[in-house]
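Q: Just entry_24.cif, nothing more (mmCIF, C-alpha atoms):
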data_model
#
loop_
_atom_site.label_atom_id
_atom_site.label_comp_id
_atom_site.auth_asym_id
_atom_site.auth_seq_id
_atom_site.Cartn_x
_atom_site.Cartn_y
_atom_site.Cartn_z
CA MET A 1 -76.24 85.09 76.30
CA ASN A 2 -73.71 82.69 77.76
CA LEU A 3 -70.66 82.78 75.49
CA ASN A 4 -69.02 79.92 77.37
CA LEU A 5 -71.78 77.50 76.42
CA ILE A 6 -71.53 78.47 72.75
CA ALA A 7 -67.73 78.24 72.91
CA TYR A 8 -67.92 74.78 74.51
CA CYS A 9 -70.21 73.46 71.78
CA LEU A 10 -68.13 74.96 68.98
CA PHE A 11 -64.86 73.80 70.57
CA LEU A 12 -66.16 70.25 70.98
CA ALA A 13 -67.49 70.14 67.42
CA ILE A 14 -64.20 71.39 65.96
CA THR A 15 -61.91 69.24 68.08
CA ILE A 16 -63.96 66.06 67.76
CA TYR A 17 -63.97 66.50 63.98
CA ILE A 18 -60.19 67.04 63.96
CA ILE A 19 -59.56 64.10 66.29
CA VAL A 20 -61.71 61.70 64.25
CA ALA A 21 -60.32 62.89 60.90
CA VAL A 22 -56.70 62.62 62.02
CA GLY A 23 -57.40 59.27 63.69
CA GLN A 24 -58.85 57.83 60.49
CA ILE A 25 -55.92 59.09 58.41
CA CYS A 26 -53.40 57.65 60.85
CA TYR A 27 -55.31 54.37 61.04
CA ARG A 28 -55.44 53.94 57.24
CA ASN A 29 -51.78 54.77 56.76
CA GLY A 30 -50.54 53.35 60.05
CA ASN A 31 -51.11 49.72 59.14
CA THR A 32 -48.77 50.05 56.16
CA TYR A 33 -46.17 51.72 58.38
CA VAL A 34 -46.37 49.10 61.13
CA LEU A 35 -46.30 46.29 58.55
CA SER A 36 -43.08 47.71 57.09
CA LEU A 37 -41.54 47.44 60.56
CA VAL A 38 -42.80 43.90 61.13
CA PRO A 39 -43.06 42.18 57.74
CA GLY A 40 -45.04 38.98 57.59
CA HIS A 41 -47.19 39.73 60.64
CA GLN A 42 -50.31 41.23 59.02
CA GLU A 43 -52.74 40.24 61.79
CA LEU A 44 -50.43 41.52 64.55
CA CYS A 45 -49.96 44.82 62.72
CA THR A 46 -53.71 45.26 62.32
CA ARG A 47 -54.24 44.62 66.04
CA ILE A 48 -51.47 47.04 67.00
CA ASN A 49 -52.98 49.66 64.72
CA ARG A 50 -56.46 49.19 66.26
CA ILE A 51 -55.04 49.46 69.77
CA LEU A 52 -53.21 52.64 68.81
CA LEU A 53 -56.41 54.11 67.35
CA THR A 54 -58.44 53.23 70.44
CA GLY A 55 -55.84 54.73 72.76
CA TYR A 56 -55.60 57.79 70.55
CA TYR A 57 -59.36 58.37 70.73
CA LEU A 58 -59.55 57.78 74.47
CA VAL A 59 -56.66 60.09 75.34
CA ASN A 60 -57.64 62.91 73.02
CA LEU A 61 -61.40 62.88 73.56
CA GLY A 62 -60.93 62.55 77.30
CA TYR A 63 -58.44 65.39 77.43
CA THR A 64 -60.67 67.56 75.24
CA ALA A 65 -63.65 67.01 77.54
CA THR A 66 -61.69 67.69 80.72
CA THR A 67 -60.28 70.97 79.41
CA LEU A 68 -63.77 72.46 79.53
CA THR A 69 -63.59 72.65 83.31
CA HIS A 70 -60.57 74.96 83.21
CA TRP A 71 -62.05 77.74 81.08
CA GLN A 72 -62.49 81.20 82.53
CA PRO A 73 -65.80 83.00 81.92
CA ILE A 74 -65.90 84.54 78.45
CA GLU A 75 -67.18 88.12 78.51
CA THR A 76 -66.64 89.42 74.95
CA LEU A 77 -66.64 88.18 71.39
CA THR A 78 -62.91 88.92 71.21
CA GLY A 79 -62.36 86.75 74.27
CA PHE A 80 -64.55 84.11 72.67
CA ALA A 81 -62.37 84.00 69.55
CA GLU A 82 -59.13 84.03 71.57
CA VAL A 83 -60.16 81.21 73.88
CA LEU A 84 -61.50 79.10 71.03
CA ALA A 85 -58.35 79.57 68.93
CA ASN A 86 -56.04 78.97 71.91
CA ARG A 87 -57.78 75.79 73.07
CA THR A 88 -58.19 74.36 69.58
CA GLY A 89 -54.57 75.15 68.71
CA PHE A 90 -53.36 73.42 71.86
CA ILE A 91 -55.33 70.27 71.00
CA ILE A 92 -53.80 70.26 67.51
CA LEU A 93 -50.29 70.62 68.98
CA LEU A 94 -51.03 67.82 71.43
CA LEU A 95 -52.13 65.56 68.56
CA ALA A 96 -48.89 66.26 66.70
CA VAL A 97 -46.73 65.56 69.75
CA LEU A 98 -48.55 62.30 70.53
CA HIS A 99 -48.23 61.22 66.90
CA TYR A 100 -44.47 61.70 66.88
CA ILE A 101 -44.08 60.02 70.26
CA ASN A 102 -46.00 57.00 68.94
CA LEU A 103 -43.85 56.87 65.81
CA PHE A 104 -40.68 57.04 67.90
CA ILE A 105 -41.80 54.31 70.30
CA ILE A 106 -43.05 51.99 67.57
CA THR A 107 -39.95 52.47 65.42
CA ARG A 108 -37.58 51.97 68.31
CA TYR A 109 -39.22 49.12 70.24
CA ILE A 110 -41.48 47.07 67.94
CA LYS A 111 -38.83 44.54 66.96
CA LYS A 112 -37.84 44.06 70.61
CA ILE A 113 -41.47 43.41 71.54
CA ILE A 114 -42.15 40.68 68.98
CA HIS A 115 -38.80 38.87 69.14
#
Taking this structure as input, can you express it in the form of structure tokens?

A:
Amino acid sequence: MNLNLIAYCLFLAITIYIIVAVGQICYRNGNTYVLSLVPGHQELCTRINRILLTGYYLVNLGYTATTLTHWQPIETLTGFAEVLANRTGFIILLLAVLHYINLFIITRYIKKIIH
């Protein structure tokens, strides 16, 4: 039995679910946040929010897919659990870092961009 193939499928299922769930939460709440930074520009805020969501999906799904090529062969069930937890945890940390970077950039530069 090839544990790597099972780990790939489980990893992709978990991370894609996390990426989509977090993306939808950020999209729903992000429009309100962006609108508070740029009052009176509803359409612009919606477009910015959609662009952020699209970029978020592309970066995270692309990175998730490319990480599969860097996995070592998994020999044991313990190794299976360790690799899966390590890779999934790293994706979650990456999502958090990207989220805070986006918040910082939007908060700092949005008014300079539209004025």

Q: Find, counting only C-alpha atoms, the residue in A:Gln24, A:Thr69, A:Thr15, A:Asn2 that gets nearest to Leu52 in chain A.

A: A:Gln24

Q: Care to translate the PyMOL selection byres ((chain A and resi 78-81) around 12) into actual residues of this file, as a list in words?

A: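 Here the PyMOL selection byres ((chain A and resi 78-81) around 12) matches Asn2, Leu3, Asn4, Leu5, Ile6, Ala7, Tyr8, Leu10, Phe11, Trp71, Gln72, Pro73, Ile74, Glu75, Thr76, Leu77, Glu82, Val83, Leu84, Ala85, Asn86, Arg87, Thr88 and Gly89 of chain A.
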
Q: Would you pick out the contacts of His41 in chain A at 12 Å or less, using all atoms listed in the file, so that residues sharing its chain but fewer than 3 positions from it are not included, and give the list as a PDB file with C-alpha atoms, in the frame of the given file?

A:
ATOM      1  CA  ASN A  31     -51.110  49.720  59.140  1.00  0.00           C
ATOM      2  CA  THR A  32     -48.770  50.050  56.160  1.00  0.00           C
ATOM      3  CA  VAL A  34     -46.370  49.100  61.130  1.00  0.00           C
ATOM      4  CA  LEU A  35     -46.300  46.290  58.550  1.00  0.00           C
ATOM      5  CA  SER A  36     -43.080  47.710  57.090  1.00  0.00           C
ATOM      6  CA  LEU A  37     -41.540  47.440  60.560  1.00  0.00           C
ATOM      7  CA  VAL A  38     -42.800  43.900  61.130  1.00  0.00           C
ATOM      8  CA  LEU A  44     -50.430  41.520  64.550  1.00  0.00           C
ATOM      9  CA  CYS A  45     -49.960  44.820  62.720  1.00  0.00           C
ATOM     10  CA  THR A  46     -53.710  45.260  62.320  1.00  0.00           C
ATOM     11  CA  ARG A  47     -54.240  44.620  66.040  1.00  0.00           C
ATOM     12  CA  ILE A  48     -51.470  47.040  67.000  1.00  0.00           C
ATOM     13  CA  ILE A 110     -41.480  47.070  67.940  1.00  0.00           C
ATOM     14  CA  LYS A 111     -38.830  44.540  66.960  1.00  0.00           C
ATOM     15  CA  ILE A 114     -42.150  40.680  68.980  1.00  0.00           C
ATOM     16  CA  HIS A 115     -38.800  38.870  69.140  1.00  0.00           C
TER      17      HIS A 115
END

Q: So the first atom is CA of Leu103 in chain A and the second is CA of Ala13 in chain A; what is the distance between them in Å, to one decimal place?

A: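 So the two atoms, CA of Leu103 in chain A and CA of Ala13 in chain A, lie 27.2 Å apart.
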
Q: Would you mind reading off the distance between CA of Thr107 in chain A and CA of Asn49 in chain A, one decimal, in Å?

A: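 Spanning CA of Thr107 in chain A to CA of Asn49 in chain A is a straight-line distance of 13.3 Å.
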
Q: Tell me which of A:Leu93, A:Ile16, A:Cys9, A:Ile101 sits closest to Leu61 in chain A, counting all atoms listed in the file.

A: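 Using all atoms listed in the file, the shortest distance to Leu61 in chain A belongs to A:Ile16.
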
Q: Evaluated on this file, the PyMOL selection byres ((chain A and resi 95-97) around 10) picks out some residues - which ones are they, written as a list in words?

A: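 Applying the expression gives Ile18, Ile19, Val22, Gly23, Tyr56, Val59, Asn60, Gly89, Phe90, Ile91, Ile92, Leu93, Leu94, Leu98, His99, Tyr100, Ile101, Asn102 and Leu103 of chain A.
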
Q: Grab the CA of Tyr63 in chain A to CA of Ile105 in chain A distance for me, in Å with one decimal place.

A: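 Straight-line distance from CA of Tyr63 in chain A to CA of Ile105 in chain A works out to 21.2 Å.
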